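Single-structure report; data block below.
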Amino acid sequence: MKVKMILPALTEAKSPFWRPIKYSLSPPLGLATLASFLPDDWDVELVDDHVETLQTDDQPDLVVIQVYITNAYRAYALADLYRARGCYVILGGLHVTSLPDEAAQHADTIFIGPGEQTFPEFLADFAAGHACAVYVSGDGRTIEGIPPVRRDLIKRERYLVPNSIVVTRGCPQHCDFCYKDAFFEGGRSFYTQRIDEALAEIDRLPGRHLYFLDDHLLGNRRFASGLFEGMSGMGRLFQGAATVDSVLRGDLIEQAAEAGLRSLFVGFETFSPANLKASNKKQNLARDYEAVARRLSDLGIMINGSFVFGMDDDGPDVFDRTVDWAVSNGITTATFHIQTPYPGTRLFQRMEEQGRITSRDWDRYDTRQVVFEPMRLSAQELKDGYDRAYRDFYSWANVFAGASGHQSLKHQAKHFFYAAGWKKFEPLWDMVINARRLDVMTPLLEAVLSRVTKAADRASGHRSERVEAVDRIEV
């Protein structure tokens, strides 16, 4: 049996909004996880259309395609092509769950919700010759005891962070704008691996650096605490994502730092209580954002802050206020988004009822374009402000200003390198990625990072010695 698993790039990767660095960060773990359920004697190929050339002159028995909103049209075209050749095509992913009727027109079988529960059921039905048209993930969701991810199918050299890992599913929060919230409806919305299985998966990964792709790594305190305890002494350095309230609550973030956490994606999103209430983002209400920044900075953890523009309480001043706050509080990298009402979300439903959706071209639903009618801004003001926020935050003046706000010289050096490297050298990264030479560039980046860190450590140590000497003199 020949199986082809495909993660299509957004609309043939020819859109003017194509950003190679964004789509070349990590491998398609969802497909590699499903591949672990396939029989050992089946011939399996996994193709990531973002980072390699997709050959479509073959005729596999089974084609598995993962669909997200901005690759939907490309995914449908591929599905139609393979079905016309007599291949059995299945579609799954966020967009399929959001718009199952649309996706069903292009597939023999569709999957609604996460697939770890339903894919083994499909395989049994498929082998017996009576697969269903729809499989819906419901009660009984778990990732405990699932087979190890088929990392042998992943072309590691094509990714900036090949050591990506996911140890939980979903999120305990239910924000109205969250694309993934609808994906986990109808069953458990947040669940974890067993700690020993997560640690075993980590142990399989080579090198030192890890990237947790979980939506909320700190979402289950008991699991996260056990995970960090198990990781202590491994010598790993890792990145992850968490909410504002989880950073402030208890000492879990200290445990994470002790285990090797060095960078955290934090969803600040908005400073407006009215926006937070309207978005059902209760976990951010009445939270001290500056305290979050201070606590992470004091622990030596870099911050990737997420901010959303275009919510109903946002006026023309929101862009400058957000950038000024991010710079003054030492946010290392900022990810700005234009609010996007993804289909399947409560935000989309509300805006559709209000007649505010202005486009249903899924290619434009990339958080970089305006696809709805804002409340207190024009569409052009929102787009211009978003573009200006990126330019201003990553200006050399603000990169220097943000770095200089940290107490540690080591943290200053890391802030400068990451902030500058992420945006100022983006054209270089794009050129390298398009040339398929990450196998050369990634080791070079790791070497540079190591040298920067060691130099900062030496400088910081020398400065500490000078401070101690002055203290002794004063005493």
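Residue numbers start at 1 in each chain; chains themselves are named A, B, ... in the order of the structure tokens; ligands are numbered from 1 in the order shown.
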
Can you build me a table of region 343-412 of chain A residues sitting at most 8 Å from region 70-75 of chain A, with the closest atom pair per residue and its distance in Å to one decimal, using only C-alpha atoms, sorted by chain and residue number, as a Markdown table?
```
| residue | atom | partner | partner_atom | distance |
| --- | --- | --- | --- | --- |
| A:Trp362 | CA | A:Thr70 | CA | 5.6 |
| A:Asp363 | CA | A:Thr70 | CA | 4.6 |
| A:Arg364 | CA | A:Thr70 | CA | 7.1 |
| A:Tyr365 | CA | A:Thr70 | CA | 6.4 |
| A:Asp366 | CA | A:Thr70 | CA | 6.6 |
```

Convert the current residue selection to file output with N, CA, C and O atoms, as a PDB file, in the first residue's frame.
```
ATOM      1  N   TRP A 362     -10.270  32.805   1.316  1.00  0.00           N
ATOM      2  CA  TRP A 362      -9.503  32.241   2.432  1.00  0.00           C
ATOM      3  C   TRP A 362      -8.009  32.548   2.328  1.00  0.00           C
ATOM      4  O   TRP A 362      -7.306  32.550   3.344  1.00  0.00           O
ATOM      5  N   ASP A 363      -7.500  32.829   1.141  1.00  0.00           N
ATOM      6  CA  ASP A 363      -6.093  33.207   1.003  1.00  0.00           C
ATOM      7  C   ASP A 363      -5.774  34.477   1.800  1.00  0.00           C
ATOM      8  O   ASP A 363      -4.625  34.697   2.190  1.00  0.00           O
ATOM      9  N   ARG A 364      -6.763  35.321   2.012  1.00  0.00           N
ATOM     10  CA  ARG A 364      -6.543  36.598   2.681  1.00  0.00           C
ATOM     11  C   ARG A 364      -6.662  36.481   4.200  1.00  0.00           C
ATOM     12  O   ARG A 364      -6.400  37.459   4.917  1.00  0.00           O
ATOM     13  N   TYR A 365      -7.022  35.317   4.701  1.00  0.00           N
ATOM     14  CA  TYR A 365      -7.222  35.138   6.143  1.00  0.00           C
ATOM     15  C   TYR A 365      -5.903  34.757   6.824  1.00  0.00           C
ATOM     16  O   TYR A 365      -5.777  33.717   7.460  1.00  0.00           O
ATOM     17  N   ASP A 366      -4.902  35.628   6.677  1.00  0.00           N
ATOM     18  CA  ASP A 366      -3.555  35.333   7.161  1.00  0.00           C
ATOM     19  C   ASP A 366      -3.108  36.261   8.277  1.00  0.00           C
ATOM     20  O   ASP A 366      -1.922  36.288   8.624  1.00  0.00           O
TER      21      ASP A 366
END
```

**Message:** Can you tell me, as a PyMOL selection string, which residues in region 20-238 of chain A count as strand (DSSP E) by DSSP?
**Reply:** chain A and resi 43-48+62-66+88-92+109-112+134-136+164-165+168-170+190-192+209-212+237-238

**Prompt:** Given the choices A:Leu7, A:Leu382, A:Ala242, A:Leu78, which gets closest to Asp48 (chain A) if the distance is worked out from only C-alpha atoms?
**Reply:** A:Leu7

**Message:** Could you list, as a PyMOL selection string, every residue within 9 Å of Ala182 (chain A), counting only C-alpha atoms and ignoring same-chain residues fewer than 4 positions away?
**Reply:** chain A and resi 94+97-98+113+178+186+344-346

**Request:** Quick one: everything within 10 Å of Asp387 (chain A), counting only C-alpha atoms, minus sequence neighbours fewer than 6 positions away in the same chain. Send it as a ChimeraX atom specification.
**Result:** /A:319,336-338,368,381

**Residues within 12 Å of region 137-144 of chain A, only C-alpha atoms, excluding chain neighbours under 2 positions, as a VMD selection string** = chain A and resid 33 to 34 92 to 93 97 110 to 122 134 to 135 146 to 149 166 to 170 182 to 198

**Asked** Which value, in Å to one decimal, gives the distance between CA of Phe309 (chain A) and CA of Gln339 (chain A)?
**Response**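 Atom-to-atom, CA of Phe309 (chain A) and CA of Gln339 (chain A) are spaced 5.8 Å apart.
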
**Request:** Just the residues within 8 Å of His174 (chain A), please, counting only C-alpha atoms, with nothing from its chain fewer than 3 positions along; format it as a count of residues only.
**Result:** 5

**Which residue of A:Asn220, A:Ser225, A:Asn398, A:Ser246 approaches Gly330 (chain A) most closely, using only C-alpha atoms** =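 When distances to Gly330 (chain A) are compared using only C-alpha atoms, the smallest one comes from A:Asn398.
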
Near-Glu352 (chain A) list (12 Å; only C-alpha atoms; drop same-chain fewer than 3 positions) as a CSV table (one decimal) with C-alpha atoms, in the first residue's frame:
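Once everything was written out, this is selection24.csv:
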```csv
chain,number,residue,atom,x,y,z
A,341,PRO,CA,-12.7,36.2,12.0
A,342,TYR,CA,-11.9,32.6,11.2
A,343,PRO,CA,-14.9,30.5,10.1
A,344,GLY,CA,-16.1,28.3,12.8
A,345,THR,CA,-15.3,30.8,15.6
A,346,ARG,CA,-17.7,32.8,17.7
A,347,LEU,CA,-16.1,35.9,16.3
A,348,PHE,CA,-16.9,34.9,12.7
A,349,GLN,CA,-20.5,34.1,13.7
A,355,GLY,CA,-22.9,42.0,8.2
A,356,ARG,CA,-19.2,43.0,8.8
A,357,ILE,CA,-17.4,40.2,6.8
A,358,THR,CA,-16.0,41.8,3.7
A,359,SER,CA,-14.2,38.9,2.1
A,360,ARG,CA,-14.5,35.1,2.0
A,371,VAL,CA,-11.3,40.9,5.8
A,372,PHE,CA,-13.9,42.6,8.0
A,373,GLU,CA,-15.3,46.0,8.7
```

DSSP on the backbone: what in region 27-182 of chain A comes out alpha helix (DSSP H), as a PDB file with C-alpha atoms, in the first residue's frame?
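Printed below is part13.pdb as written:
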```pdb
ATOM      1  CA  LEU A  29       4.076  16.880  13.291  1.00  0.00           C
ATOM      2  CA  GLY A  30       0.344  16.288  12.857  1.00  0.00           C
ATOM      3  CA  LEU A  31       0.857  14.197   9.746  1.00  0.00           C
ATOM      4  CA  ALA A  32       3.923  12.478  11.207  1.00  0.00           C
ATOM      5  CA  THR A  33       1.821  11.546  14.236  1.00  0.00           C
ATOM      6  CA  LEU A  34      -0.942  10.029  12.093  1.00  0.00           C
ATOM      7  CA  ALA A  35       1.713   8.145  10.110  1.00  0.00           C
ATOM      8  CA  ALA A  72      -7.345  25.450   1.488  1.00  0.00           C
ATOM      9  CA  TYR A  73      -7.516  26.237  -2.220  1.00  0.00           C
ATOM     10  CA  ARG A  74      -4.185  24.566  -2.884  1.00  0.00           C
ATOM     11  CA  ALA A  75      -5.280  21.552  -0.814  1.00  0.00           C
ATOM     12  CA  TYR A  76      -8.553  21.245  -2.718  1.00  0.00           C
ATOM     13  CA  ALA A  77      -6.777  21.446  -6.079  1.00  0.00           C
ATOM     14  CA  LEU A  78      -4.395  18.651  -5.057  1.00  0.00           C
ATOM     15  CA  ALA A  79      -7.257  16.559  -3.710  1.00  0.00           C
ATOM     16  CA  ASP A  80      -9.208  16.943  -6.959  1.00  0.00           C
ATOM     17  CA  LEU A  81      -6.133  16.032  -8.999  1.00  0.00           C
ATOM     18  CA  TYR A  82      -5.483  12.805  -7.098  1.00  0.00           C
ATOM     19  CA  ARG A  83      -9.150  11.784  -6.958  1.00  0.00           C
ATOM     20  CA  ALA A  84      -9.357  12.157 -10.737  1.00  0.00           C
ATOM     21  CA  LEU A  94      -8.530  23.071  11.181  1.00  0.00           C
ATOM     22  CA  HIS A  95     -10.256  24.273   8.012  1.00  0.00           C
ATOM     23  CA  VAL A  96     -12.008  20.955   7.411  1.00  0.00           C
ATOM     24  CA  THR A  97     -13.447  21.081  10.921  1.00  0.00           C
ATOM     25  CA  SER A  98     -14.519  24.703  10.419  1.00  0.00           C
ATOM     26  CA  PRO A 100     -16.825  20.410   6.604  1.00  0.00           C
ATOM     27  CA  ASP A 101     -19.412  20.803   3.841  1.00  0.00           C
ATOM     28  CA  GLU A 102     -16.938  22.786   1.737  1.00  0.00           C
ATOM     29  CA  ALA A 103     -14.138  20.278   2.285  1.00  0.00           C
ATOM     30  CA  ALA A 104     -16.349  17.230   1.643  1.00  0.00           C
ATOM     31  CA  PHE A 119      -7.606   7.718  12.176  1.00  0.00           C
ATOM     32  CA  PRO A 120      -7.039   4.165  13.498  1.00  0.00           C
ATOM     33  CA  GLU A 121     -10.792   3.576  13.111  1.00  0.00           C
ATOM     34  CA  PHE A 122     -10.640   4.803   9.524  1.00  0.00           C
ATOM     35  CA  LEU A 123      -7.665   2.560   8.721  1.00  0.00           C
ATOM     36  CA  ALA A 124      -9.570  -0.500   9.921  1.00  0.00           C
ATOM     37  CA  ASP A 125     -12.615   0.474   7.854  1.00  0.00           C
ATOM     38  CA  PHE A 126     -10.462   1.299   4.818  1.00  0.00           C
ATOM     39  CA  ALA A 127      -8.720  -2.088   4.958  1.00  0.00           C
ATOM     40  CA  ALA A 128     -12.138  -3.752   5.178  1.00  0.00           C
TER      41      ALA A 128
END
```

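Counting from CA of Ala241 (chain A), the distance to CA of Gly385 (chain A) is 26.0 Å.
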
**Item:** Two-atom distance - CA of Ala256 (chain A), CA of Trp325 (chain A) (Å)
**Value:**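 Computing the Euclidean distance for CA of Ala256 (chain A) and CA of Trp325 (chain A) yields 25.5 Å.
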